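Chemist: This is my_file_23.txt (compact mmCIF, C-alpha atoms).
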```
# COMPACT_ATOMS: atom_id res chain seq x y z
CA MET A 1 13.99 -3.60 18.23
CA LYS A 2 17.47 -3.65 16.76
CA ARG A 3 17.45 -5.09 13.27
CA ARG A 4 20.17 -7.63 14.03
CA ASN A 5 18.01 -8.98 16.86
CA PHE A 6 14.96 -9.52 14.66
CA LEU A 7 15.05 -13.30 14.59
CA ALA A 8 16.03 -13.73 18.23
CA GLY A 9 13.38 -11.27 19.32
CA SER A 10 10.44 -12.73 17.41
CA ALA A 11 7.68 -13.89 19.70
CA LEU A 12 4.35 -15.59 19.09
CA ILE A 13 2.26 -12.64 20.16
CA GLY A 14 -0.10 -12.63 17.20
CA ALA A 15 -2.85 -14.63 18.89
CA GLY A 16 -6.11 -14.30 17.00
CA ILE A 17 -4.41 -13.09 13.80
CA PRO A 18 -4.57 -15.61 10.94
CA LEU A 19 -1.17 -16.99 9.99
CA GLY A 20 -2.27 -19.19 7.08
CA LEU A 21 -0.78 -18.95 3.62
CA THR A 22 -3.90 -18.88 1.45
CA THR A 23 -6.34 -16.05 0.93
CA THR A 24 -10.07 -16.35 0.37
CA ILE A 25 -10.22 -15.03 -3.19
CA LEU A 26 -11.07 -18.51 -4.46
CA PRO A 27 -11.53 -21.92 -2.85
CA SER A 28 -8.21 -23.49 -1.86
CA CYS A 29 -9.04 -26.48 -4.07
CA SER A 30 -8.99 -24.36 -7.23
CA VAL A 31 -7.09 -25.50 -10.32
CA ASP A 32 -6.71 -23.38 -13.46
CA GLY A 33 -8.76 -20.67 -11.76
CA GLN A 34 -11.71 -23.02 -11.16
CA SER A 35 -12.81 -25.47 -8.51
CA LYS A 36 -11.83 -29.07 -9.10
CA GLY A 37 -14.45 -30.87 -11.14
CA SER A 38 -16.09 -27.61 -12.22
CA SER A 39 -16.10 -25.99 -15.66
CA ARG A 40 -17.93 -22.86 -14.49
CA ARG A 41 -16.33 -19.52 -15.27
CA TYR A 42 -16.34 -16.74 -12.68
CA THR A 43 -18.07 -13.53 -13.65
CA PRO A 44 -16.36 -10.20 -12.96
CA GLU A 45 -19.02 -9.45 -10.36
CA GLU A 46 -18.35 -12.72 -8.52
CA LEU A 47 -14.68 -11.80 -8.32
CA GLY A 48 -15.50 -8.34 -6.94
CA MET A 49 -14.83 -6.17 -9.97
CA TYR A 50 -15.88 -2.55 -9.57
CA SER A 51 -18.32 -0.64 -11.76
CA PHE A 52 -15.68 1.73 -13.22
CA VAL A 53 -18.14 4.57 -13.69
CA ASP A 54 -16.71 7.91 -14.80
CA ILE A 55 -18.13 9.81 -11.84
CA ALA A 56 -19.68 8.85 -8.53
CA PRO A 57 -23.44 9.31 -8.08
CA ASP A 58 -24.93 12.38 -6.42
CA GLY A 59 -26.33 12.25 -2.92
CA LYS A 60 -26.48 14.10 0.35
CA PRO A 61 -23.46 16.26 1.17
CA LEU A 62 -20.42 14.14 1.97
CA LYS A 63 -17.92 15.92 4.19
CA ALA A 64 -14.33 14.75 4.55
CA ALA A 65 -11.21 15.58 6.52
CA LEU A 66 -7.62 15.29 5.32
CA ILE A 67 -4.98 14.00 7.74
CA GLY A 68 -1.58 14.73 6.24
CA CYS A 69 -1.39 17.80 3.98
CA GLY A 70 1.76 17.03 2.00
CA ASP A 71 1.93 16.49 -1.74
CA ARG A 72 0.19 13.09 -1.69
CA GLY A 73 -2.39 14.30 0.81
CA THR A 74 -3.17 17.38 -1.26
CA GLY A 75 -3.43 15.17 -4.34
CA ALA A 76 -5.84 12.82 -2.57
CA ALA A 77 -7.98 15.77 -1.46
CA ILE A 78 -8.16 17.03 -5.04
CA GLN A 79 -9.14 13.59 -6.31
CA PHE A 80 -11.81 13.26 -3.65
CA LEU A 81 -13.31 16.61 -4.64
CA GLU A 82 -13.29 15.56 -8.29
CA ALA A 83 -14.86 12.16 -7.59
CA GLY A 84 -18.48 13.29 -7.68
CA PRO A 85 -20.92 16.08 -6.86
CA ASN A 86 -21.75 17.45 -3.44
CA VAL A 87 -18.50 16.53 -1.68
CA SER A 88 -16.20 18.79 0.33
CA ILE A 89 -13.13 18.90 2.58
CA ILE A 90 -14.11 20.59 5.84
CA ALA A 91 -11.10 19.90 8.11
CA LEU A 92 -7.32 19.51 7.88
CA ALA A 93 -4.68 18.06 10.19
CA ASP A 94 -0.90 18.27 9.87
CA ILE A 95 2.27 18.97 11.82
CA PHE A 96 3.65 21.75 9.66
CA PRO A 97 1.80 25.04 9.03
CA ASP A 98 3.54 25.59 5.69
CA ARG A 99 2.23 22.29 4.28
CA MET A 100 -1.27 23.07 5.45
CA THR A 101 -1.18 26.59 4.01
CA THR A 102 -0.17 25.24 0.60
CA CYS A 103 -2.93 22.63 0.74
CA ARG A 104 -5.58 25.17 1.79
CA ASN A 105 -4.60 27.49 -1.03
CA VAL A 106 -4.85 24.73 -3.62
CA LEU A 107 -8.28 23.62 -2.42
CA SER A 108 -9.54 27.19 -2.32
CA GLU A 109 -8.19 28.30 -5.68
CA LYS A 110 -9.02 25.13 -7.59
CA PHE A 111 -12.39 24.20 -6.04
CA ASN A 112 -13.50 27.20 -3.96
CA ASN A 113 -13.31 24.75 -1.04
CA ASN A 114 -12.42 26.97 1.90
CA VAL A 115 -11.46 25.26 5.15
CA PRO A 116 -12.03 27.62 8.12
CA ASP A 117 -9.25 28.31 10.60
CA ALA A 118 -11.26 26.66 13.36
CA ASN A 119 -11.11 23.34 11.47
CA CYS A 120 -7.34 23.37 10.93
CA PHE A 121 -5.41 21.41 13.56
CA PHE A 122 -1.67 21.08 14.15
CA GLY A 123 0.46 18.63 16.10
CA PHE A 124 0.89 14.91 16.58
CA ASP A 125 -2.59 14.70 18.14
CA ALA A 126 -4.30 16.76 15.43
CA TYR A 127 -5.91 13.65 13.95
CA LYS A 128 -7.85 13.10 17.19
CA LYS A 129 -9.42 16.55 16.92
CA VAL A 130 -10.48 15.90 13.32
CA LEU A 131 -11.98 12.53 14.20
CA ALA A 132 -13.97 14.10 17.04
CA MET A 133 -15.86 16.31 14.56
CA PRO A 134 -19.38 14.83 14.09
CA ASP A 135 -19.82 16.42 10.63
CA VAL A 136 -16.81 14.53 9.24
CA GLU A 137 -18.01 11.30 7.60
CA VAL A 138 -14.89 10.46 5.60
CA VAL A 139 -11.19 10.76 6.46
CA LEU A 140 -8.28 10.65 4.05
CA LEU A 141 -5.20 9.16 5.76
CA CYS A 142 -2.13 10.48 3.95
CA THR A 143 0.60 11.00 6.54
CA PRO A 144 3.96 9.21 6.40
CA THR A 145 3.32 5.47 6.69
CA HIS A 146 4.57 5.00 10.26
CA PHE A 147 1.55 6.84 11.66
CA ARG A 148 -1.02 4.99 9.54
CA PRO A 149 -1.95 2.08 11.85
CA GLU A 150 -2.82 4.27 14.82
CA HIS A 151 -4.69 6.79 12.66
CA PHE A 152 -6.59 3.98 10.94
CA LYS A 153 -7.53 2.34 14.22
CA ALA A 154 -8.75 5.65 15.64
CA ALA A 155 -10.75 6.45 12.49
CA VAL A 156 -12.47 3.07 12.60
CA GLU A 157 -13.29 3.54 16.28
CA ALA A 158 -14.77 6.94 15.40
CA GLY A 159 -17.00 5.29 12.76
CA LYS A 160 -15.59 7.13 9.73
CA HIS A 161 -15.40 5.89 6.16
CA ILE A 162 -11.74 5.90 5.15
CA PHE A 163 -9.37 6.40 2.27
CA MET A 164 -6.02 4.97 3.43
CA GLU A 165 -2.88 5.48 1.39
CA LYS A 166 -0.52 2.58 0.84
CA PRO A 167 1.42 1.03 2.39
CA CYS A 168 -0.49 0.72 5.66
CA ALA A 169 2.35 0.06 8.15
CA VAL A 170 6.13 -0.18 8.39
CA ASP A 171 6.40 -3.19 10.72
CA PRO A 172 4.53 -6.32 11.88
CA THR A 173 3.23 -4.54 14.99
CA GLY A 174 1.46 -2.00 12.79
CA ILE A 175 0.19 -4.71 10.44
CA ARG A 176 -1.58 -6.50 13.28
CA THR A 177 -3.18 -3.21 14.31
CA VAL A 178 -4.52 -2.67 10.79
CA ILE A 179 -5.85 -6.23 10.46
CA ALA A 180 -7.66 -6.05 13.78
CA ALA A 181 -9.13 -2.61 13.00
CA SER A 182 -10.19 -3.81 9.55
CA LYS A 183 -12.31 -6.54 11.10
CA VAL A 184 -13.96 -3.95 13.33
CA ALA A 185 -14.60 -1.75 10.29
CA THR A 186 -16.34 -4.64 8.54
CA GLY A 187 -18.56 -5.13 11.57
CA LYS A 188 -19.47 -1.45 11.51
CA GLY A 189 -20.25 -1.48 7.79
CA LEU A 190 -17.57 1.10 6.95
CA THR A 191 -16.11 1.62 3.50
CA ILE A 192 -12.31 1.39 3.39
CA ILE A 193 -10.63 2.24 0.09
CA THR A 194 -6.86 1.94 -0.07
CA GLY A 195 -4.33 3.64 -2.30
CA ASN A 196 -3.00 0.56 -4.11
CA GLN A 197 -4.28 2.18 -7.28
CA ARG A 198 -3.57 -0.69 -9.66
CA ARG A 199 -6.54 -2.47 -8.08
CA HIS A 200 -8.64 0.43 -9.34
CA ARG A 201 -7.58 0.06 -12.97
CA ARG A 202 -9.98 -1.68 -15.34
CA ASP A 203 -7.18 -3.23 -17.41
CA TYR A 204 -5.73 -4.95 -14.33
CA TRP A 205 -9.18 -6.16 -13.31
CA GLU A 206 -9.97 -7.64 -16.71
CA ALA A 207 -6.59 -9.40 -16.76
CA PHE A 208 -7.32 -10.73 -13.27
CA VAL A 209 -10.65 -12.18 -14.44
CA GLN A 210 -8.89 -13.89 -17.36
CA VAL A 211 -6.23 -15.42 -15.11
CA ARG A 212 -8.76 -16.56 -12.51
CA ASN A 213 -10.75 -18.25 -15.28
CA GLY A 214 -7.76 -20.32 -16.30
CA ILE A 215 -6.41 -18.68 -19.45
CA ILE A 216 -2.82 -19.50 -18.43
CA GLY A 217 -3.63 -22.61 -16.42
CA GLU A 218 -2.33 -23.36 -12.97
CA LEU A 219 -0.14 -20.57 -11.62
CA VAL A 220 3.49 -21.54 -11.07
CA GLY A 221 5.34 -18.29 -10.33
CA ALA A 222 5.60 -14.53 -10.71
CA SER A 223 7.89 -11.53 -10.70
CA ALA A 224 7.39 -7.98 -9.45
CA HIS A 225 9.65 -5.03 -10.26
CA TRP A 226 9.89 -1.35 -9.40
CA ASP A 227 13.31 -0.34 -10.68
CA GLN A 228 13.77 3.38 -11.41
CA GLY A 229 16.10 6.32 -10.96
CA ALA A 230 16.91 8.16 -7.75
CA TRP A 231 13.99 9.58 -5.80
CA TRP A 232 13.66 12.85 -3.88
CA ASN A 233 15.81 13.92 -0.92
CA LYS A 234 15.71 16.73 1.59
CA PHE A 235 18.84 17.75 3.41
CA LYS A 236 18.70 18.78 7.06
CA ARG A 237 18.56 22.50 7.76
CA PRO A 238 20.19 24.00 10.88
CA GLU A 239 16.81 25.11 12.27
CA TRP A 240 15.28 21.63 12.00
CA SER A 241 15.30 19.24 14.94
CA ASP A 242 15.92 15.55 14.32
CA MET A 243 12.17 14.87 14.35
CA GLU A 244 11.37 17.67 11.91
CA TYR A 245 14.13 16.57 9.56
CA CYS A 246 12.94 12.96 9.60
CA ILE A 247 9.32 13.87 8.88
CA ARG A 248 10.19 16.34 6.12
CA ASN A 249 12.50 13.72 4.56
CA TRP A 250 10.23 10.85 5.50
CA PHE A 251 10.57 8.79 2.32
CA ASN A 252 14.28 8.26 3.02
CA ILE A 253 13.78 7.46 6.71
CA LYS A 254 13.17 3.81 7.54
CA TRP A 255 10.97 4.23 10.59
CA LEU A 256 8.65 6.55 8.66
CA SER A 257 8.47 4.97 5.19
CA GLY A 258 9.49 1.38 5.80
CA ASP A 259 12.02 1.67 2.93
CA HIS A 260 11.19 1.90 -0.75
CA ILE A 261 10.42 -1.83 -1.09
CA LEU A 262 7.29 -0.86 0.84
CA ASP A 263 6.53 2.60 -0.42
CA GLN A 264 7.00 1.87 -4.12
CA ALA A 265 7.47 -1.87 -4.73
CA ILE A 266 4.29 -2.50 -2.72
CA HIS A 267 2.42 -1.67 -5.96
CA ASN A 268 3.90 -4.65 -7.76
CA ILE A 269 4.02 -7.00 -4.77
CA ASP A 270 0.34 -6.26 -4.14
CA ILE A 271 -0.57 -7.21 -7.72
CA VAL A 272 1.25 -10.55 -7.50
CA THR A 273 -0.32 -11.25 -4.10
CA TRP A 274 -3.75 -10.45 -5.56
CA PHE A 275 -3.36 -12.52 -8.73
CA MET A 276 -1.73 -15.54 -7.09
CA GLY A 277 -4.20 -15.60 -4.21
CA GLU A 278 -1.48 -16.79 -1.83
CA ARG A 279 1.00 -15.51 0.71
CA PRO A 280 4.58 -16.75 0.68
CA ALA A 281 5.82 -19.39 3.09
CA ARG A 282 9.20 -17.66 3.43
CA ALA A 283 11.54 -15.15 1.80
CA ALA A 284 15.29 -14.74 1.35
CA GLY A 285 16.96 -11.78 -0.27
CA PHE A 286 19.56 -9.08 -0.28
CA GLY A 287 19.92 -5.36 -0.79
CA GLY A 288 22.13 -2.44 -0.01
CA ARG A 289 22.92 1.21 -0.34
CA ALA A 290 25.19 2.47 -3.09
CA ARG A 291 24.28 6.04 -4.00
CA ARG A 292 21.46 7.39 -1.79
CA LEU A 293 22.25 10.85 -0.45
CA THR A 294 20.20 11.08 2.75
CA GLY A 295 18.36 8.97 5.29
CA ASP A 296 18.96 5.37 6.35
CA ILE A 297 17.27 3.16 3.73
CA PHE A 298 18.62 0.93 0.98
CA ASP A 299 18.54 1.87 -2.68
CA PHE A 300 18.22 -1.67 -4.08
CA PHE A 301 16.57 -4.98 -3.13
CA SER A 302 16.25 -8.43 -4.68
CA VAL A 303 14.03 -10.91 -2.85
CA ASP A 304 13.06 -14.51 -3.59
CA TYR A 305 9.66 -15.48 -2.20
CA TYR A 306 8.85 -19.18 -1.80
CA TYR A 307 5.25 -20.43 -1.89
CA ALA A 308 3.57 -23.79 -1.46
CA ASN A 309 4.07 -26.38 -4.21
CA ASP A 310 7.42 -24.90 -5.26
CA LYS A 311 5.95 -21.65 -6.58
CA ARG A 312 8.31 -18.66 -6.56
CA MET A 313 8.25 -14.90 -6.94
CA LEU A 314 11.23 -12.66 -7.64
CA ALA A 315 10.74 -9.08 -6.45
CA THR A 316 13.26 -6.33 -7.24
CA ALA A 317 13.32 -2.67 -6.27
CA ARG A 318 15.96 -0.09 -7.17
CA GLN A 319 16.31 3.69 -7.07
CA ILE A 320 19.61 4.53 -8.78
CA ASP A 321 20.16 6.83 -11.74
CA GLY A 322 21.76 5.41 -14.86
CA CYS A 323 20.44 1.86 -14.43
CA GLU A 324 17.91 -0.23 -16.35
CA GLY A 325 14.33 0.65 -15.50
CA ASN A 326 11.50 -1.84 -15.05
CA VAL A 327 8.11 -1.24 -13.44
CA SER A 328 5.97 -4.29 -14.12
CA GLU A 329 4.54 -7.58 -12.94
CA GLN A 330 4.47 -11.00 -14.58
CA VAL A 331 2.28 -13.91 -13.50
CA LEU A 332 3.39 -17.25 -14.91
CA GLY A 333 1.06 -20.16 -15.51
CA ALA A 334 1.40 -23.62 -17.03
CA LYS A 335 0.05 -22.29 -20.36
CA GLY A 336 1.38 -18.75 -20.57
CA ILE A 337 2.27 -15.44 -18.95
CA ALA A 338 0.20 -12.45 -17.88
CA GLN A 339 2.38 -9.43 -18.70
CA LEU A 340 1.10 -6.60 -16.51
CA ASN A 341 2.02 -2.93 -16.27
CA ASP A 342 0.42 0.49 -16.09
CA ARG A 343 1.83 1.72 -19.42
CA GLY A 344 -1.14 0.65 -21.53
CA GLU A 345 0.46 -2.61 -22.68
CA MET A 346 -1.58 -5.21 -20.78
CA LYS A 347 -1.61 -8.63 -22.45
CA ILE A 348 -1.47 -12.37 -21.87
CA VAL A 349 0.68 -14.58 -24.12
CA ASP A 350 1.55 -18.24 -24.45
CA TYR A 351 5.14 -19.50 -24.32
CA ASN A 352 5.48 -19.18 -28.08
CA GLY A 353 4.66 -15.48 -27.92
CA ASN A 354 1.11 -15.82 -29.29
CA ILE A 355 -1.35 -13.34 -27.78
CA LEU A 356 -4.07 -15.11 -25.80
CA TRP A 357 -5.74 -11.92 -24.62
CA GLN A 358 -5.07 -8.18 -24.87
CA TYR A 359 -6.84 -5.29 -23.21
CA ASP A 360 -8.87 -3.06 -25.53
CA TYR A 361 -7.60 0.41 -24.64
CA ALA A 362 -9.32 2.05 -27.62
CA GLY A 363 -12.73 0.66 -26.73
CA LYS A 364 -12.39 0.94 -22.93
CA PRO A 365 -10.02 3.78 -21.98
CA VAL A 366 -8.52 3.46 -18.50
CA LYS A 367 -9.35 6.34 -16.19
CA ASN A 368 -6.62 7.79 -13.97
CA PRO A 369 -6.60 5.21 -11.14
CA TYR A 370 -5.80 7.85 -8.52
CA GLN A 371 -9.09 9.43 -9.51
CA GLN A 372 -10.91 6.12 -9.92
CA GLU A 373 -10.17 5.00 -6.37
CA HIS A 374 -11.95 8.07 -4.99
CA ILE A 375 -14.88 7.50 -7.33
CA HIS A 376 -15.11 4.00 -5.87
CA LEU A 377 -14.96 5.51 -2.37
CA VAL A 378 -17.85 7.90 -2.90
CA GLU A 379 -19.85 5.39 -4.95
CA SER A 380 -19.49 2.74 -2.25
CA ILE A 381 -20.74 5.07 0.46
CA ARG A 382 -23.63 6.53 -1.48
CA LEU A 383 -24.90 3.25 -2.93
CA ASN A 384 -24.32 1.39 0.34
CA LYS A 385 -22.15 -1.15 -1.47
CA LYS A 386 -19.51 -1.53 1.17
CA ILE A 387 -15.90 -2.15 0.18
CA ASN A 388 -13.15 -2.90 2.69
CA GLN A 389 -9.68 -3.22 1.14
CA ALA A 390 -7.73 -2.75 4.37
CA GLU A 391 -6.96 -6.38 5.10
CA ASP A 392 -5.81 -7.06 1.53
CA LEU A 393 -3.46 -4.08 1.77
CA ALA A 394 -2.22 -5.24 5.17
CA TYR A 395 -1.22 -8.66 3.89
CA SER A 396 0.42 -7.26 0.75
CA THR A 397 2.35 -4.81 2.93
CA GLN A 398 3.39 -7.67 5.18
CA VAL A 399 4.76 -9.54 2.16
CA ALA A 400 6.92 -6.49 1.41
CA ILE A 401 7.99 -6.27 5.08
CA LEU A 402 8.95 -9.95 4.98
CA GLY A 403 11.21 -9.30 1.99
CA ARG A 404 12.73 -6.20 3.56
CA GLU A 405 13.63 -7.98 6.79
CA ALA A 406 15.09 -10.91 4.85
CA ALA A 407 17.33 -8.45 3.00
CA TYR A 408 18.23 -6.52 6.16
CA THR A 409 19.19 -9.65 8.11
CA GLY A 410 20.53 -11.83 5.30
CA LYS A 411 18.40 -14.65 6.70
CA ALA A 412 15.46 -16.61 5.36
CA ILE A 413 12.36 -15.58 7.33
CA THR A 414 9.06 -17.44 7.37
CA TRP A 415 5.56 -16.01 7.13
CA GLU A 416 4.77 -17.26 10.64
CA GLU A 417 7.84 -15.52 12.02
CA ILE A 418 7.03 -12.17 10.43
CA MET A 419 3.35 -12.34 11.45
CA ALA A 420 4.23 -13.12 15.07
CA SER A 421 7.20 -10.75 15.37
CA ASN A 422 7.10 -7.87 17.85
CA LEU A 423 9.37 -5.81 15.58
CA ARG A 424 8.49 -2.11 15.72
CA TYR A 425 10.27 0.85 14.13
CA GLY A 426 10.20 4.40 15.44
CA PRO A 427 9.98 6.27 18.74
CA GLU A 428 7.40 5.42 21.37
CA HIS A 429 6.50 9.08 21.91
CA TYR A 430 6.25 11.89 19.39
CA GLU A 431 7.54 15.38 19.95
CA MET A 432 9.74 17.81 18.11
CA GLY A 433 13.32 17.49 19.25
CA ALA A 434 16.22 15.07 19.29
CA LEU A 435 15.95 11.43 18.20
CA PRO A 436 18.93 9.71 19.85
CA ASP A 437 18.13 6.33 18.25
CA TYR A 438 18.20 7.73 14.70
CA HIS A 439 21.58 7.85 12.98
CA GLU A 440 21.79 9.46 9.55
CA GLY A 441 23.27 7.18 6.92
CA GLN A 442 23.45 4.11 9.19
CA VAL A 443 21.87 1.19 7.37
CA SER A 444 21.45 -2.51 8.02
CA ILE A 445 24.51 -4.68 7.41
CA PRO A 446 23.57 -8.35 7.06
CA GLY A 447 25.80 -11.24 8.04
CA ARG A 448 29.12 -10.93 9.82
CA ASN A 449 32.69 -9.98 9.04
CA PRO A 450 34.95 -12.74 7.69
CA GLU A 451 37.05 -14.40 10.36
```
Can you give me the file's structure in the form of structure tokens?
Modeler:
Amino acid sequence: MKRRNFLAGSALIGAGIPLGLTTTILPSCSVDGQSKGSSRRYTPEELGMYSFVDIAPDGKPLKAALIGCGDRGTGAAIQFLEAGPNVSIIALADIFPDRMTTCRNVLSEKFNNNVPDANCFFGFDAYKKVLAMPDVEVVLLCTPTHFRPEHFKAAVEAGKHIFMEKPCAVDPTGIRTVIAASKVATGKGLTIITGNQRRHRRDYWEAFVQVRNGIIGELVGASAHWDQGAWWNKFKRPEWSDMEYCIRNWFNIKWLSGDHILDQAIHNIDIVTWFMGERPARAAGFGGRARRLTGDIFDFFSVDYYYANDKRMLATARQIDGCEGNVSEQVLGAKGIAQLNDRGEMKIVDYNGNILWQYDYAGKPVKNPYQQEHIHLVESIRLNKKINQAEDLAYSTQVAILGREAAYTGKAITWEEIMASNLRYGPEHYEMGALPDYHEGQVSIPGRNPE
């Protein structure tokens, strides 16, 4: 769908998918983190806090496959192998032999984990061959985001436990696929751990418990920021087709990454969505492209999200060198502010600056969350304590998509419109070659020319 036709082309095709604004973290009648008329405090266990063990328990051999052998995929494979004893990577799938060779060498040299040639699959259908292997119990989904919904759906149908990198889709069509597959996964008793790593940090979890138990009173607003310098680019080589160029430069390509408000700002938007326990009623925003060197995405966004009862969130995302940096979240309540970040400075203060709560980093060091999420994966499977984070990630990703489309179109868009939209980015069929609908450097232009 053409971006300028987003609003006209929206259709109520999301039958069976919940469109409501509230989540089920707490009862909808909650005030100050507690049910009306109740003074009971929620325990961390009641709110779903993880164990935060240093290493997953031992058990029978747990064999995994990696789908997507790039830098993030190789990193996820390493973290899986370091999560606990008696785990291995037995199969790999990718499009490019050079990426797979690099990944195989790392796994072999670092862990003596040797993946045989017979278990290495190439091409757009390589994931199907991995999922057909009966010895594979776990799959790590680490391809560019566009492919995630179909890979996730297929992995659930194959009955595999899953690590799924964030975000989980680039458009509403993909989001609905993930939500539906997540419900099937729950019915099958599968563990789904997602790569929104802040949810696997103990400092964030302890702050969440404090907020849910009313330390800052009724929540009234929030902000979420991922503002940093320029990110990586790859320039097209003469021997690369359009498809190869796009996949190798996927972060800068809208149909593959969903833009950086998804790929990076999803971290912060997810935290606000988690802490507030709500989804926005609508969003309006703006963005643009000032200095990006390749691709067709923006390099800055600013989005206002509007919630029930006049609550608001401001989300910003920027990737431009020489500008002010800010990677953080703030959750505002009637009594104070939760000041959240991953720099080891987690605290909650009142409006006079007095500290109401501060995380004890000396007494409870925070483990690398990229490692912790894989410990939670293995622990969940081996202790039969099932975790399914897919639907939470889907809704947080949809919040980011809502903001992106508001910025692209220059229009206010409602939650119901984005959930029901048939918007889809990317080609219908995948093969190396030309992509006539992709135009390098052509970005969304909201509004119209002055008359």
Chemist: Neighbouring residues of A:Pro280 were defined as those with any atom within 7 Å, considering only C-alpha atoms; residues of the same chain fewer than 6 positions away were excluded. Please report them as a PDB file with C-alpha atoms, in the frame of the given file.
Modeler:
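Ended up saving to part30.pdb:
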```pdb
ATOM      1  CA  LEU A  21      -0.780 -18.950   3.620  1.00  0.00           C
ATOM      2  CA  TYR A 305       9.660 -15.480  -2.200  1.00  0.00           C
ATOM      3  CA  TYR A 306       8.850 -19.180  -1.800  1.00  0.00           C
ATOM      4  CA  TYR A 307       5.250 -20.430  -1.890  1.00  0.00           C
ATOM      5  CA  TRP A 415       5.560 -16.010   7.130  1.00  0.00           C
TER       6      TRP A 415
END
```
Chemist: Report, in Å with one decimal, the straight-line distance from atom CA of A:Asp58 to atom CA of A:Gln371.
Modeler: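 Straight-line distance from atom CA of A:Asp58 to atom CA of A:Gln371 works out to 16.4 Å.
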Chemist: I'd like the contact shell of A:Ile162 - 10 Å cut-off, only C-alpha atoms, skipping same-chain residues fewer than 4 positions apart - returned as a list of chain:residue names.
Modeler: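 Counting only C-alpha atoms, the residues come to A:Ala64, A:Ala65, A:Glu137, A:Val138, A:Val139, A:Leu140, A:Leu141, A:Phe152, A:Ala155, A:Val156, A:Ala185, A:Leu190, A:Thr191, A:Ile192, A:Ile193, A:Thr194, A:Leu377, A:Asn388, A:Ala390.
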Chemist: What is the atom CA of A:Met100-atom CA of A:Gln197 distance in Å, reported with one decimal?
Modeler: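 Those two atoms sit 24.6 Å apart.
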Chemist: Might you pull out every residue within 12 Å of A:Gly258, with all atoms listed in the file counted and same-chain residues fewer than 5 positions away left off, and present them as number ranges by chain?
Modeler: A: 144-148, 166-172, 174, 250-253, 263-266, 295-298, 397-398, 400-405, 408, 424-426
Chemist: Could you turn the residues from that selection into a file that holds C-alpha atoms, as a PDB file, in the coordinates of the input?
Modeler:
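To be explicit, this is the file written out as result_16.pdb:
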```pdb
ATOM      1  CA  PRO A 144       3.960   9.210   6.400  1.00  0.00           C
ATOM      2  CA  THR A 145       3.320   5.470   6.690  1.00  0.00           C
ATOM      3  CA  HIS A 146       4.570   5.000  10.260  1.00  0.00           C
ATOM      4  CA  PHE A 147       1.550   6.840  11.660  1.00  0.00           C
ATOM      5  CA  ARG A 148      -1.020   4.990   9.540  1.00  0.00           C
ATOM      6  CA  LYS A 166      -0.520   2.580   0.840  1.00  0.00           C
ATOM      7  CA  PRO A 167       1.420   1.030   2.390  1.00  0.00           C
ATOM      8  CA  CYS A 168      -0.490   0.720   5.660  1.00  0.00           C
ATOM      9  CA  ALA A 169       2.350   0.060   8.150  1.00  0.00           C
ATOM     10  CA  VAL A 170       6.130  -0.180   8.390  1.00  0.00           C
ATOM     11  CA  ASP A 171       6.400  -3.190  10.720  1.00  0.00           C
ATOM     12  CA  PRO A 172       4.530  -6.320  11.880  1.00  0.00           C
ATOM     13  CA  GLY A 174       1.460  -2.000  12.790  1.00  0.00           C
ATOM     14  CA  TRP A 250      10.230  10.850   5.500  1.00  0.00           C
ATOM     15  CA  PHE A 251      10.570   8.790   2.320  1.00  0.00           C
ATOM     16  CA  ASN A 252      14.280   8.260   3.020  1.00  0.00           C
ATOM     17  CA  ILE A 253      13.780   7.460   6.710  1.00  0.00           C
ATOM     18  CA  ASP A 263       6.530   2.600  -0.420  1.00  0.00           C
ATOM     19  CA  GLN A 264       7.000   1.870  -4.120  1.00  0.00           C
ATOM     20  CA  ALA A 265       7.470  -1.870  -4.730  1.00  0.00           C
ATOM     21  CA  ILE A 266       4.290  -2.500  -2.720  1.00  0.00           C
ATOM     22  CA  GLY A 295      18.360   8.970   5.290  1.00  0.00           C
ATOM     23  CA  ASP A 296      18.960   5.370   6.350  1.00  0.00           C
ATOM     24  CA  ILE A 297      17.270   3.160   3.730  1.00  0.00           C
ATOM     25  CA  PHE A 298      18.620   0.930   0.980  1.00  0.00           C
ATOM     26  CA  THR A 397       2.350  -4.810   2.930  1.00  0.00           C
ATOM     27  CA  GLN A 398       3.390  -7.670   5.180  1.00  0.00           C
ATOM     28  CA  ALA A 400       6.920  -6.490   1.410  1.00  0.00           C
ATOM     29  CA  ILE A 401       7.990  -6.270   5.080  1.00  0.00           C
ATOM     30  CA  LEU A 402       8.950  -9.950   4.980  1.00  0.00           C
ATOM     31  CA  GLY A 403      11.210  -9.300   1.990  1.00  0.00           C
ATOM     32  CA  ARG A 404      12.730  -6.200   3.560  1.00  0.00           C
ATOM     33  CA  GLU A 405      13.630  -7.980   6.790  1.00  0.00           C
ATOM     34  CA  TYR A 408      18.230  -6.520   6.160  1.00  0.00           C
ATOM     35  CA  ARG A 424       8.490  -2.110  15.720  1.00  0.00           C
ATOM     36  CA  TYR A 425      10.270   0.850  14.130  1.00  0.00           C
ATOM     37  CA  GLY A 426      10.200   4.400  15.440  1.00  0.00           C
TER      38      GLY A 426
END
```
Chemist: For atom CA of A:Leu293 and atom CA of A:Pro238, quote the distance in Å rounded to one decimal.
Modeler: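 A separation of 17.5 Å between them.
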Chemist: For A:Asn368, please output as JSON, numbers by chain all residues within 12 Å (counting only C-alpha atoms; exclusion window: fewer than 4 positions along the same chain).
Modeler: {"A": [52, 53, 54, 55, 79, 82, 83, 197, 198, 199, 200, 201, 202, 203, 342, 343, 344, 372, 373, 374, 375]}
Chemist: Taking all atoms listed in the file into account, name the residue in A:Phe275, A:Gly68, A:Met243, A:Ala281 that is nearest to A:Glu417.
Modeler: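 Of all the options, A:Ala281 lies closest to A:Glu417.
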